[in-house]
Each structure stands twice: as structure tokens, then as C-alpha cells.
Amino acid sequence: MVPLSWYIILSAVVFSIGVIGFLTRRNLIMTFMSIELMLNSVNISFVAFSHYLQSMRGQIIVFFVIAVAAAETAIGLAIIIAYYKNNPTIKVDEINLLKG
Amino acid sequence: MEMETTISLLDIRPLVPELTMICVGLIVILLDLIVRKKEVVAIVGIAGTLVALYGTYKLYGFYEPQSAFSGMFVLDGYSNFFKLIFYLNIILTICISFKYMAIEKASFGEYYALLMFATTGMMIMASAADLIVLYLGLELMALSTYILAGITRKRQRSNEAALKYFFLGAFSSAFLLYGISLTYGLTGTTNLREIASALQTLDLNGSPIMYLGLIFMIVAFGFKIALAPFHMWAPDVYEGAPTSITAFMSVGPKAAGFAVLGRVLFGAFAGMQVQWASILIPMAVLTMAVGSIIALAQTNIKRMLAYSSIAHAGYMLLGVITGTTGGLMSTVNYLAIYLFMNIGAFAIVIMLRREGFQGENIEDYMGLSKSHPLASALMLIFMFSLAGIPPTAGFIGKFYVFMEVIKAGYVYLAIIAVAFSAISAFFYLRVVMYIYMKDPKEEVVLTRSPSMSIALAVTAMMVLILGIFPSFLLNLVRYSILG
């Protein structure tokens, strides 16, 4: 039986990898993947808590999170493609039209 | 194990306004295929919003706070007042965007549908009594506004605004989820009222993990409200997005963010007021400082108004920090006033936009009073109100927030806020100075339309009326929150 704390530590580690990836990666797709990593780390902790507390609520939230993440991915990729059509780059450093 | 819950068809009744908005939004998408004139689509959108407003008004007639879906969704005075703000926000936004979107060549039916979906998301946020519903409402609002920011998809600046808004928004919602998961793990529930009682019974008010969860949630709301240090996206997005959308999202998501902030902090974490005030106080001071000081250096009026909206978020946050009902009321009052003055100012910015001319530089306003005295006078009113000069409504908003802050014993915060308010007067009055005291560089032609005139008349009237007779709004807020 794996104790709860292991899952929570796993979730925290994956979340931190996501945050660090988001902040340091210079490629839009990698940044995107970091956000997915963060969302999925949250799913791990929800399911672990749900099992530990013997309550269904956490697993229900996970379904909502997965559904919303799918919608988010669709919209995010659409926005990236709309951007790419006008300015073919996915390097974060080159997206600097708006500043000041 | 959790209780057996039953959901009956009657639960749908408190949701009627939201369902109306969604249905009309879908009708708008279909109508867009049939009708060639986009004005018709926009008018259907306004009509649908008015129907939803009527629904909210009728449901509020029952007066007693109602809850549905086993306490996940509540309909009370607090949520209804915020819904009123959202309705006015979308109606005024549609009024100012008729002509503008045609000039931007982005007059799509989806534009109006997405405005309605975003408003529905905000309404769900205001009514959320459960963290799951709160998250879903927030995402519905956020996903719609990401698209709206980039709806002029031929313009690279708009693309970039949408991209930045999307990435930082998605990043912040992951933080919200992590905060929710920690709260859920510790308290075993996501219902705000049950969280409050679990914090008492399990004695979690001093728990560091709970504190961490609270911080994560405040970070996520801070992103939506554009509080420093989570404001970086706001100037870029406000500048790049179509101006009507800038007006829409400088009021709507901010108000929705404050609605959930008030609901979560006052509803679920009331016992941890000392802890969350200690996080929010430095954030509020930093927000006011960043907003007022960086705005001084701006040459683009949309960017300047973006920093101004950051500063205003700082003032509004002061009311929340007090932790008293009076403080929350002063914040809500400020939001309602901010709606009118901010949309009014953006309406003038939109009027300067015409075919082949952006009209976004502050220098474009030079000598506007010579050629357009009425529009100049309106801009003067809005700028005075944003600066907080009596007898405009902006003064009343600030006055009540500062009074509540002093009442709650944070005198130093009130002094800091007044100081930054004085600094911010400089950049608002600079616009007025350009309008009245400089000679025009080139002829400015304003783009007029009847709906724009209506929006300007309503906002300017409200700014003046609420400035001279503030008791009407104050009583409405008090009645909504205290019952």
C-alpha cells in the first residue's frame, strides 16, 4: 500500500517541474506542455486525496479538469496557429511586439 | 462517506438567467449564418441580456437566498449585484463595439456569442458556492476572453495579446487547481460553507499547508484581477486586444475576480483573516505603486488605461483587506462606479479609431476640444472620475473605500492609497491638458454611431449622478449584501 504522502510529493514535484518548465522554456509548445504537466499533477493529488478521504468529490473534479484542459488545449493551439500565420515563430523571445 | 444528494428539476430555476444567456448565445451563432446585417445579431444579444436581467430581477423578487444543486450554486443579493454589473458591462460593450468591429473588419456573430458566454462564466463565478463551480465558471469566462482578445486575427498585435493572455491565464488556473486540491485534501470538501466549518472543527486555521493552499488561490485570483506582481499580462493584453474587448475585460473579469475573492475569503476563510490580510496588504500597496507610477511613462492611451486599471484594482483590494462587511460593500460600490467611468473612457478611445487611423497615442488627443467640444467634455468627466476628483463618482468610490479602511484601523494603508491617488491624478490630467491646452496637430475625425452616443450618455450621466447623489448606489449595495 503506497501511503498518501508519496502521491502528494509526486504531485508537488510534477507541479514544480511544470512551473519551472513554464518559466524557463523558450518554446511555445514546450510551455504548453508544462501547463499540461501542472494540470495533471493536480489530477494526481485530487485522486490521491479522493482515495484517502473515501469521497467521490475529488474524482469528479478530475473529470472536470480533464474536460476543461481539453477545451483549453483546443483554444490554445488555435491561438498559436492564428499567431503563426501572421508571424511564423514559436520562440517566446521573438514574441515582443507589445512591450513598455 | 458523503451524503446522498438528490437534484430535482426545480434546481434549474435559480439558473434561469445563466441558461438564458447561453441559449441566446447559441441563437446568436446560428443567426449569424442567416442574417447578413451584424447589427441584428448584436441587438439579439442585447435583448437576450435584458431577458436574463429580467430573470435575475424576478428571481430576486423571492428575496430569500436560494441555493441549488445541493448547495453548489447560490442566488443571493451579493451574486445578484455582481450580475447587474456583468449585464451592464456586456450591454455597454456591445453598444460601443457596433461600428468599431466593422472598422476592424472583425464583425463576426461569434464575437457577440463569446461576449455572452464570457458573461455567463462571470455570472456562474458570482453565484458559485463550491470550488468546482467556481473553477468551471472561471474557465468559461477565461476561455471566451482568450478568443475575444485575439478575435481580430489578421492583426499581429491582437494575436500576440491573445497568446500572452492565454498562457498566463492557463498558468494561473493551474495554481487555482493546486490550491483547490490542497484545500480539498485538508478539509475533505469543496463547498465553501463546509470548508469554513471544517477549518473550525479540524482546527486548521493556523495550518501551514492550508496557508499554502490559500496563497495559491489568491495568486490565481490575483492574475484575473491583475494585482501586482501578477499584472504583467495586463498592459500587453489591454494594448493588443480590440479596444471594445479591452473595455469589456477591464471591468468584467476584474469584477468576477473580486466576486470570488470576496466569496472565498469572507465565506470559506473568514477565520484566517489575519493570514490573508498579511498576503493582500503588500500586494495592494505594490499594485497601487506599479499602476500609478508606470502609467506616468505611457504614451499609448490603452496602455495607460491598463496601468490605471491595475491601480484601481489596488484601491478596490483595500476594501477586501479590511475583512469587514462594510469594507466588502465599499469594494462592490467601487466596482459599480468603475464600470461606468472605465467603459466611458474606452468609448472615447474607440471613437478616435477610424479607417486607417489608430488613435491610440495620447498625442492624438491634442487640441481635441477645438474640433469636438462635447467629446472632450465627456473625456474630461471620465478622466476626473478616474482620478477621483469630486463631484464625479470616482471620488465617492475612493472616499468610501478609504473610510472603511480607516474604520478597520489600517490608517497607514489609507495614507499610502491617497498618496498614490495623487500621483495618478498626474497622468489622467495630462490627457485633459492635451485635449484643452495644446494645439491640434492634425484634424481628428470621430466615428459616431447612435449606440455609441447612448453608451456615452449613460456612462457620463451615471458618473455625474452617482457623484452627486451617491446614496442610491450605496443603499442598493447595502440592500444587496446585508439584505
# chains A, B, ... in the order shown; residues from 1 in each chain; ligands from 1

call {"tool": "closest_atom_pairs", "arguments": {"of": "chain A", "to": "chain B", "cutoff": "6 Å", "atoms": "only C-alpha atoms", "output": "Markdown table"}}
result
| residue | atom | partner | partner_atom | distance |
| --- | --- | --- | --- | --- |
| A:Leu39 | CA | B:Ala174 | CA | 5.6 |
| A:Val42 | CA | B:Tyr178 | CA | 5.6 |
| A:Phe46 | CA | B:Ser181 | CA | 5.7 |
| A:Phe49 | CA | B:Gly185 | CA | 5.3 |
| A:Ser55 | CA | B:Met1 | CA | 5.9 |
| A:Tyr83 | CA | B:Asn159 | CA | 5.1 |
| A:Leu98 | CA | B:Asp236 | CA | 5.4 |

call {"tool": "residues_around", "arguments": {"residues": "stretch 11-27 of chain A", "least_positions_apart": "4", "cutoff": "6 Å", "atoms": "only C-alpha atoms", "output": "PyMOL selection string"}}
result
chain A and resi 31+34+37-38+41+44-45+90-92

call {"tool": "atom_distance", "arguments": {"atom1": "atom CA of B:Gly394", "atom2": "atom CA of B:Leu138"}}
result
27.8 Å

call {"tool": "residues_around", "arguments": {"residues": "stretch 37-48 of chain B", "least_positions_apart": "5", "cutoff": "7 Å", "atoms": "only C-alpha atoms", "output": "JSON, numbers by chain"}}
result
{"B": [20, 21, 24, 28, 31, 32, 91, 94, 98, 107, 109, 112]}

call {"tool": "write_last_selection", "arguments": {"atoms": "all heavy atoms", "output": "short mmCIF file (atom, residue, chain, number, x, y, z; two decimals), in the first residue's frame"}}
result
data_model
loop_
_atom_site.label_atom_id
_atom_site.label_comp_id
_atom_site.auth_asym_id
_atom_site.auth_seq_id
_atom_site.Cartn_x
_atom_site.Cartn_y
_atom_site.Cartn_z
N THR B 20 -30.46 31.39 -19.93
CA THR B 20 -30.92 32.32 -20.97
C THR B 20 -29.73 32.85 -21.75
O THR B 20 -29.75 32.89 -22.99
CB THR B 20 -31.66 33.50 -20.31
OG1 THR B 20 -32.58 32.98 -19.38
CG2 THR B 20 -32.36 34.34 -21.34
N MET B 21 -28.68 33.25 -21.02
CA MET B 21 -27.51 33.81 -21.69
C MET B 21 -26.89 32.79 -22.65
O MET B 21 -26.53 33.11 -23.77
CB MET B 21 -26.46 34.25 -20.67
CG MET B 21 -26.85 35.40 -19.81
SD MET B 21 -27.02 36.93 -20.71
CE MET B 21 -25.33 37.46 -20.83
N VAL B 24 -29.26 32.24 -25.71
CA VAL B 24 -29.23 33.35 -26.65
C VAL B 24 -27.88 33.39 -27.36
O VAL B 24 -27.80 33.68 -28.55
CB VAL B 24 -29.55 34.67 -25.93
CG1 VAL B 24 -29.40 35.85 -26.87
CG2 VAL B 24 -30.95 34.63 -25.38
N VAL B 28 -27.44 33.34 -31.27
CA VAL B 28 -26.67 34.36 -31.97
C VAL B 28 -25.74 33.70 -32.99
O VAL B 28 -25.61 34.17 -34.12
CB VAL B 28 -25.87 35.20 -30.94
CG1 VAL B 28 -24.72 35.94 -31.59
CG2 VAL B 28 -26.79 36.20 -30.26
N LEU B 31 -27.92 32.59 -35.85
CA LEU B 31 -28.46 33.74 -36.56
C LEU B 31 -27.40 34.36 -37.46
O LEU B 31 -27.72 34.88 -38.54
CB LEU B 31 -28.92 34.77 -35.52
CG LEU B 31 -30.07 35.69 -35.91
CD1 LEU B 31 -31.29 34.86 -36.24
CD2 LEU B 31 -30.37 36.64 -34.77
N ASP B 32 -26.18 34.27 -37.03
CA ASP B 32 -25.07 34.84 -37.79
C ASP B 32 -24.99 34.22 -39.19
O ASP B 32 -24.57 34.87 -40.15
CB ASP B 32 -23.78 34.60 -37.01
CG ASP B 32 -22.58 35.15 -37.73
OD1 ASP B 32 -22.67 36.29 -38.20
OD2 ASP B 32 -21.56 34.45 -37.81
N ILE B 91 -23.85 44.92 -22.05
CA ILE B 91 -24.70 45.79 -22.87
C ILE B 91 -23.91 46.99 -23.35
O ILE B 91 -23.91 47.33 -24.54
CB ILE B 91 -25.96 46.23 -22.08
CG1 ILE B 91 -26.87 45.02 -21.86
CG2 ILE B 91 -26.72 47.31 -22.84
CD1 ILE B 91 -28.07 45.30 -21.00
N ILE B 94 -21.40 45.94 -26.04
CA ILE B 94 -21.99 45.73 -27.36
C ILE B 94 -22.31 47.08 -27.99
O ILE B 94 -22.07 47.30 -29.17
CB ILE B 94 -23.25 44.85 -27.26
CG1 ILE B 94 -22.86 43.43 -26.84
CG2 ILE B 94 -23.98 44.78 -28.59
CD1 ILE B 94 -24.03 42.49 -26.66
N PHE B 98 -20.43 48.22 -31.96
CA PHE B 98 -21.12 48.14 -33.25
C PHE B 98 -20.23 48.56 -34.43
O PHE B 98 -19.87 47.77 -35.28
CB PHE B 98 -22.31 49.12 -33.25
CG PHE B 98 -23.61 48.50 -32.82
CD1 PHE B 98 -24.33 49.05 -31.78
CD2 PHE B 98 -24.12 47.41 -33.47
CE1 PHE B 98 -25.52 48.51 -31.38
CE2 PHE B 98 -25.33 46.86 -33.08
CZ PHE B 98 -26.02 47.42 -32.03
N SER B 107 -16.35 41.95 -37.65
CA SER B 107 -17.72 41.97 -37.15
C SER B 107 -18.36 40.60 -37.35
O SER B 107 -19.22 40.42 -38.19
CB SER B 107 -18.49 43.06 -37.89
OG SER B 107 -19.70 43.29 -37.24
N GLY B 109 -20.50 37.18 -35.93
CA GLY B 109 -21.52 36.86 -34.95
C GLY B 109 -20.95 36.22 -33.71
O GLY B 109 -21.43 36.42 -32.60
N TYR B 112 -20.29 38.37 -30.58
CA TYR B 112 -21.35 38.62 -29.61
C TYR B 112 -21.64 37.36 -28.79
O TYR B 112 -21.89 37.45 -27.59
CB TYR B 112 -22.60 39.14 -30.32
CG TYR B 112 -22.31 40.40 -31.09
CD1 TYR B 112 -22.16 40.39 -32.47
CD2 TYR B 112 -22.11 41.60 -30.41
CE1 TYR B 112 -21.85 41.55 -33.16
CE2 TYR B 112 -21.79 42.75 -31.09
CZ TYR B 112 -21.66 42.73 -32.47
OH TYR B 112 -21.33 43.86 -33.13
#

call {"tool": "residues_around", "arguments": {"residues": "B:Leu286", "least_positions_apart": "4", "cutoff": "12 Å", "atoms": "only C-alpha atoms", "output": "short mmCIF file (atom, residue, chain, number, x, y, z; two decimals) with all heavy atoms, in the first residue's frame"}}
result
data_model
loop_
_atom_site.label_atom_id
_atom_site.label_comp_id
_atom_site.auth_asym_id
_atom_site.auth_seq_id
_atom_site.Cartn_x
_atom_site.Cartn_y
_atom_site.Cartn_z
N ALA B 226 -5.57 41.18 -12.03
CA ALA B 226 -4.36 41.94 -12.40
C ALA B 226 -3.79 42.68 -11.21
O ALA B 226 -3.61 43.89 -11.24
CB ALA B 226 -4.61 42.90 -13.55
N LEU B 227 -3.53 41.95 -10.13
CA LEU B 227 -2.85 42.53 -8.98
C LEU B 227 -1.35 42.32 -9.16
O LEU B 227 -0.92 41.26 -9.59
CB LEU B 227 -3.27 41.82 -7.69
CG LEU B 227 -4.73 41.94 -7.26
CD1 LEU B 227 -4.98 41.05 -6.06
CD2 LEU B 227 -5.07 43.36 -6.92
N ALA B 228 -0.56 43.35 -8.81
CA ALA B 228 0.89 43.16 -8.84
C ALA B 228 1.24 42.15 -7.74
O ALA B 228 0.61 42.15 -6.70
CB ALA B 228 1.58 44.48 -8.58
N PRO B 229 2.22 41.30 -7.90
CA PRO B 229 3.14 41.12 -9.03
C PRO B 229 2.61 40.19 -10.14
O PRO B 229 3.40 39.64 -10.89
CB PRO B 229 4.35 40.49 -8.35
CG PRO B 229 3.78 39.70 -7.24
CD PRO B 229 2.54 40.40 -6.80
N PHE B 230 1.31 40.01 -10.24
CA PHE B 230 0.76 39.12 -11.28
C PHE B 230 0.03 39.94 -12.35
O PHE B 230 -0.97 39.51 -12.90
CB PHE B 230 -0.18 38.10 -10.66
CG PHE B 230 0.39 37.43 -9.45
CD1 PHE B 230 -0.12 37.68 -8.20
CD2 PHE B 230 1.48 36.59 -9.57
CE1 PHE B 230 0.44 37.10 -7.08
CE2 PHE B 230 2.04 36.01 -8.47
CZ PHE B 230 1.52 36.26 -7.21
N HIS B 231 0.52 41.13 -12.61
CA HIS B 231 -0.17 42.04 -13.52
C HIS B 231 0.49 42.10 -14.88
O HIS B 231 -0.02 42.76 -15.77
CB HIS B 231 -0.11 43.44 -12.92
CG HIS B 231 1.28 43.97 -12.91
ND1 HIS B 231 2.21 43.56 -11.98
CD2 HIS B 231 1.92 44.80 -13.75
CE1 HIS B 231 3.37 44.14 -12.26
NE2 HIS B 231 3.22 44.90 -13.32
N ILE B 279 -1.12 38.65 3.38
CA ILE B 279 -0.68 38.47 1.99
C ILE B 279 -1.17 39.63 1.13
O ILE B 279 -0.45 40.13 0.27
CB ILE B 279 -1.25 37.16 1.39
CG1 ILE B 279 -0.99 35.98 2.29
CG2 ILE B 279 -0.68 36.90 0.01
CD1 ILE B 279 -1.80 34.76 1.91
N LEU B 280 -2.41 40.05 1.39
CA LEU B 280 -3.02 41.02 0.48
C LEU B 280 -2.50 42.43 0.69
O LEU B 280 -2.46 43.21 -0.27
CB LEU B 280 -4.55 41.00 0.65
CG LEU B 280 -5.26 39.74 0.15
CD1 LEU B 280 -6.75 39.83 0.39
CD2 LEU B 280 -5.01 39.54 -1.34
N ILE B 281 -2.09 42.78 1.91
CA ILE B 281 -1.64 44.17 2.15
C ILE B 281 -0.43 44.52 1.28
O ILE B 281 -0.47 45.51 0.54
CB ILE B 281 -1.38 44.41 3.64
CG1 ILE B 281 -2.72 44.47 4.39
CG2 ILE B 281 -0.62 45.71 3.86
CD1 ILE B 281 -2.60 44.52 5.88
N PRO B 282 0.67 43.71 1.30
CA PRO B 282 1.78 44.07 0.41
C PRO B 282 1.38 44.05 -1.06
O PRO B 282 1.83 44.90 -1.84
CB PRO B 282 2.84 43.01 0.70
CG PRO B 282 2.29 42.09 1.69
CD PRO B 282 0.99 42.58 2.18
N VAL B 290 2.74 50.15 -8.67
CA VAL B 290 3.03 49.80 -10.06
C VAL B 290 2.07 50.52 -11.00
O VAL B 290 2.48 51.14 -11.97
CB VAL B 290 2.92 48.27 -10.23
CG1 VAL B 290 2.85 47.90 -11.69
CG2 VAL B 290 4.09 47.57 -9.57
N GLY B 291 0.78 50.45 -10.66
CA GLY B 291 -0.22 51.06 -11.53
C GLY B 291 -0.02 52.55 -11.69
O GLY B 291 0.04 53.07 -12.79
N SER B 292 0.15 53.26 -10.56
CA SER B 292 0.20 54.72 -10.65
C SER B 292 1.53 55.20 -11.22
O SER B 292 1.57 56.19 -11.92
CB SER B 292 0.01 55.36 -9.29
OG SER B 292 -0.91 54.66 -8.54
N ILE B 293 2.64 54.53 -10.88
CA ILE B 293 3.94 55.07 -11.28
C ILE B 293 4.26 54.73 -12.72
O ILE B 293 4.67 55.60 -13.50
CB ILE B 293 5.03 54.59 -10.31
CG1 ILE B 293 4.78 55.22 -8.93
CG2 ILE B 293 6.40 55.02 -10.81
CD1 ILE B 293 5.61 54.65 -7.82
N ILE B 294 4.03 53.47 -13.14
CA ILE B 294 4.41 53.12 -14.51
C ILE B 294 3.48 53.81 -15.51
O ILE B 294 3.88 54.12 -16.62
CB ILE B 294 4.44 51.60 -14.71
CG1 ILE B 294 5.38 50.98 -13.68
CG2 ILE B 294 4.92 51.24 -16.11
CD1 ILE B 294 5.59 49.52 -13.80
N ILE B 310 -4.92 48.68 -13.22
CA ILE B 310 -4.16 47.96 -12.19
C ILE B 310 -4.21 48.74 -10.89
O ILE B 310 -4.48 48.19 -9.81
CB ILE B 310 -2.71 47.73 -12.66
CG1 ILE B 310 -2.68 46.78 -13.84
CG2 ILE B 310 -1.86 47.19 -11.52
CD1 ILE B 310 -1.34 46.68 -14.51
N ALA B 311 -3.99 50.07 -10.98
CA ALA B 311 -4.02 50.89 -9.77
C ALA B 311 -5.40 50.83 -9.11
O ALA B 311 -5.51 50.70 -7.88
CB ALA B 311 -3.68 52.33 -10.11
N HIS B 312 -6.46 50.87 -9.94
CA HIS B 312 -7.80 50.81 -9.37
C HIS B 312 -8.05 49.48 -8.67
O HIS B 312 -8.72 49.44 -7.64
CB HIS B 312 -8.85 51.05 -10.45
CG HIS B 312 -9.01 52.49 -10.80
ND1 HIS B 312 -9.71 53.36 -10.01
CD2 HIS B 312 -8.52 53.23 -11.80
CE1 HIS B 312 -9.65 54.56 -10.53
NE2 HIS B 312 -8.93 54.52 -11.63
N ALA B 313 -7.49 48.40 -9.24
CA ALA B 313 -7.64 47.10 -8.56
C ALA B 313 -7.02 47.17 -7.17
O ALA B 313 -7.54 46.57 -6.22
CB ALA B 313 -6.98 46.01 -9.39
N GLY B 314 -5.91 47.91 -7.05
CA GLY B 314 -5.28 48.07 -5.74
C GLY B 314 -6.20 48.77 -4.75
O GLY B 314 -6.34 48.33 -3.61
N TYR B 315 -6.86 49.85 -5.21
CA TYR B 315 -7.77 50.55 -4.30
C TYR B 315 -8.92 49.64 -3.89
O TYR B 315 -9.33 49.62 -2.73
CB TYR B 315 -8.36 51.81 -4.94
CG TYR B 315 -7.34 52.80 -5.46
CD1 TYR B 315 -7.42 53.33 -6.74
CD2 TYR B 315 -6.28 53.19 -4.66
CE1 TYR B 315 -6.48 54.22 -7.21
CE2 TYR B 315 -5.33 54.09 -5.12
CZ TYR B 315 -5.44 54.60 -6.40
OH TYR B 315 -4.51 55.48 -6.87
N LEU B 317 -8.95 46.47 -3.71
CA LEU B 317 -8.49 45.40 -2.83
C LEU B 317 -8.47 45.87 -1.37
O LEU B 317 -8.68 45.06 -0.46
CB LEU B 317 -7.10 44.93 -3.27
CG LEU B 317 -6.58 43.68 -2.60
CD1 LEU B 317 -7.49 42.50 -2.90
CD2 LEU B 317 -5.18 43.36 -3.06
N LEU B 318 -8.25 47.16 -1.16
CA LEU B 318 -8.20 47.68 0.21
C LEU B 318 -9.49 47.35 0.96
O LEU B 318 -9.46 47.00 2.13
CB LEU B 318 -7.98 49.19 0.19
CG LEU B 318 -6.64 49.67 -0.34
CD1 LEU B 318 -6.59 51.18 -0.29
CD2 LEU B 318 -5.52 49.09 0.47
N LEU B 413 -2.49 52.41 5.49
CA LEU B 413 -2.88 51.99 4.13
C LEU B 413 -3.65 53.10 3.43
O LEU B 413 -3.45 53.37 2.24
CB LEU B 413 -3.76 50.75 4.20
CG LEU B 413 -3.08 49.40 4.12
CD1 LEU B 413 -4.13 48.29 4.14
CD2 LEU B 413 -2.24 49.28 2.87
N ILE B 416 -1.18 55.73 2.28
CA ILE B 416 -0.45 55.29 1.08
C ILE B 416 -1.37 55.42 -0.13
O ILE B 416 -0.97 55.92 -1.19
CB ILE B 416 0.03 53.84 1.25
CG1 ILE B 416 1.08 53.75 2.36
CG2 ILE B 416 0.62 53.30 -0.05
CD1 ILE B 416 1.46 52.33 2.73
N ALA B 417 -2.62 54.97 0.03
CA ALA B 417 -3.55 54.99 -1.11
C ALA B 417 -3.81 56.41 -1.58
O ALA B 417 -3.84 56.68 -2.78
CB ALA B 417 -4.85 54.30 -0.72
N PHE B 420 -0.79 57.61 -3.59
CA PHE B 420 -0.73 57.09 -4.97
C PHE B 420 -1.86 57.65 -5.82
O PHE B 420 -1.71 57.86 -7.01
CB PHE B 420 -0.77 55.56 -4.96
CG PHE B 420 0.55 54.96 -4.60
CD1 PHE B 420 0.67 54.09 -3.54
CD2 PHE B 420 1.69 55.28 -5.33
CE1 PHE B 420 1.89 53.54 -3.20
CE2 PHE B 420 2.91 54.74 -4.99
CZ PHE B 420 3.01 53.87 -3.93
#

call {"tool": "residues_around", "arguments": {"residues": "B:Ile343", "least_positions_apart": "6", "cutoff": "9 Å", "atoms": "only C-alpha atoms", "output": "ChimeraX atom specification"}}
result
/B:89,92-93,96,244,247-248,250-251,455-456,459

call {"tool": "residues_around", "arguments": {"residues": "B:Leu328", "least_positions_apart": "6", "cutoff": "8 Å", "atoms": "only C-alpha atoms", "output": "mmCIF file with C-alpha atoms, in the first residue's frame"}}
result
data_model
loop_
_atom_site.group_PDB
_atom_site.id
_atom_site.type_symbol
_atom_site.label_atom_id
_atom_site.label_comp_id
_atom_site.auth_asym_id
_atom_site.auth_seq_id
_atom_site.Cartn_x
_atom_site.Cartn_y
_atom_site.Cartn_z
ATOM 1 C CA GLY B 262 -14.951 38.124 -1.553
ATOM 2 C CA GLY B 319 -11.900 47.182 0.899
ATOM 3 C CA VAL B 320 -11.438 43.403 0.901
ATOM 4 C CA THR B 322 -10.452 45.198 5.963
#

call {"tool": "select_by_dssp", "arguments": {"residues": "stretch 26-100 of chain A", "states": "alpha helix (DSSP H)", "output": "VMD selection string"}}
result
chain A and resid 28 to 53 57 to 86

call {"tool": "atom_distance", "arguments": {"atom1": "atom CA of B:Gly327", "atom2": "atom CA of B:Ala220"}}
result
21.8 Å

call {"tool": "residues_around", "arguments": {"residues": "A:Val62", "least_positions_apart": "3", "cutoff": "9 Å", "atoms": "only C-alpha atoms", "output": "PDB file with N, CA and C atoms, in the first residue's frame"}}
result
ATOM      1  N   ASN A  40      -2.014  18.041 -14.789  1.00  0.00           N
ATOM      2  CA  ASN A  40      -2.068  16.621 -14.468  1.00  0.00           C
ATOM      3  C   ASN A  40      -1.507  16.309 -13.090  1.00  0.00           C
ATOM      4  N   VAL A  42      -2.035  18.158 -10.592  1.00  0.00           N
ATOM      5  CA  VAL A  42      -3.186  18.434  -9.737  1.00  0.00           C
ATOM      6  C   VAL A  42      -4.140  17.240  -9.751  1.00  0.00           C
ATOM      7  N   ASN A  43      -4.312  16.639 -10.931  1.00  0.00           N
ATOM      8  CA  ASN A  43      -5.186  15.466 -11.008  1.00  0.00           C
ATOM      9  C   ASN A  43      -4.690  14.346 -10.107  1.00  0.00           C
ATOM     10  N   ILE A  44      -3.376  14.133 -10.095  1.00  0.00           N
ATOM     11  CA  ILE A  44      -2.818  13.085  -9.217  1.00  0.00           C
ATOM     12  C   ILE A  44      -3.212  13.356  -7.777  1.00  0.00           C
ATOM     13  N   PHE A  46      -5.642  15.176  -6.605  1.00  0.00           N
ATOM     14  CA  PHE A  46      -7.089  15.035  -6.384  1.00  0.00           C
ATOM     15  C   PHE A  46      -7.476  13.573  -6.205  1.00  0.00           C
ATOM     16  N   VAL A  47      -6.960  12.721  -7.069  1.00  0.00           N
ATOM     17  CA  VAL A  47      -7.330  11.309  -6.984  1.00  0.00           C
ATOM     18  C   VAL A  47      -6.786  10.688  -5.699  1.00  0.00           C
ATOM     19  N   ARG A  57     -15.812  13.194  -4.485  1.00  0.00           N
ATOM     20  CA  ARG A  57     -15.702  14.560  -4.984  1.00  0.00           C
ATOM     21  C   ARG A  57     -14.414  14.801  -5.784  1.00  0.00           C
ATOM     22  N   GLY A  58     -13.310  14.318  -5.247  1.00  0.00           N
ATOM     23  CA  GLY A  58     -12.024  14.552  -5.906  1.00  0.00           C
ATOM     24  C   GLY A  58     -11.986  13.965  -7.296  1.00  0.00           C
ATOM     25  N   GLN A  59     -12.556  12.751  -7.439  1.00  0.00           N
ATOM     26  CA  GLN A  59     -12.530  12.130  -8.770  1.00  0.00           C
ATOM     27  C   GLN A  59     -13.445  12.848  -9.742  1.00  0.00           C
ATOM     28  N   VAL A  65     -11.606  18.687 -14.701  1.00  0.00           N
ATOM     29  CA  VAL A  65     -10.313  19.272 -15.061  1.00  0.00           C
ATOM     30  C   VAL A  65      -9.860  18.738 -16.423  1.00  0.00           C
ATOM     31  N   ILE A  66     -10.064  17.432 -16.648  1.00  0.00           N
ATOM     32  CA  ILE A  66      -9.651  16.848 -17.928  1.00  0.00           C
ATOM     33  C   ILE A  66     -10.443  17.489 -19.066  1.00  0.00           C
ATOM     34  N   ALA A  67     -11.763  17.644 -18.842  1.00  0.00           N
ATOM     35  CA  ALA A  67     -12.593  18.227 -19.902  1.00  0.00           C
ATOM     36  C   ALA A  67     -12.180  19.661 -20.195  1.00  0.00           C
TER      37      ALA A  67
END
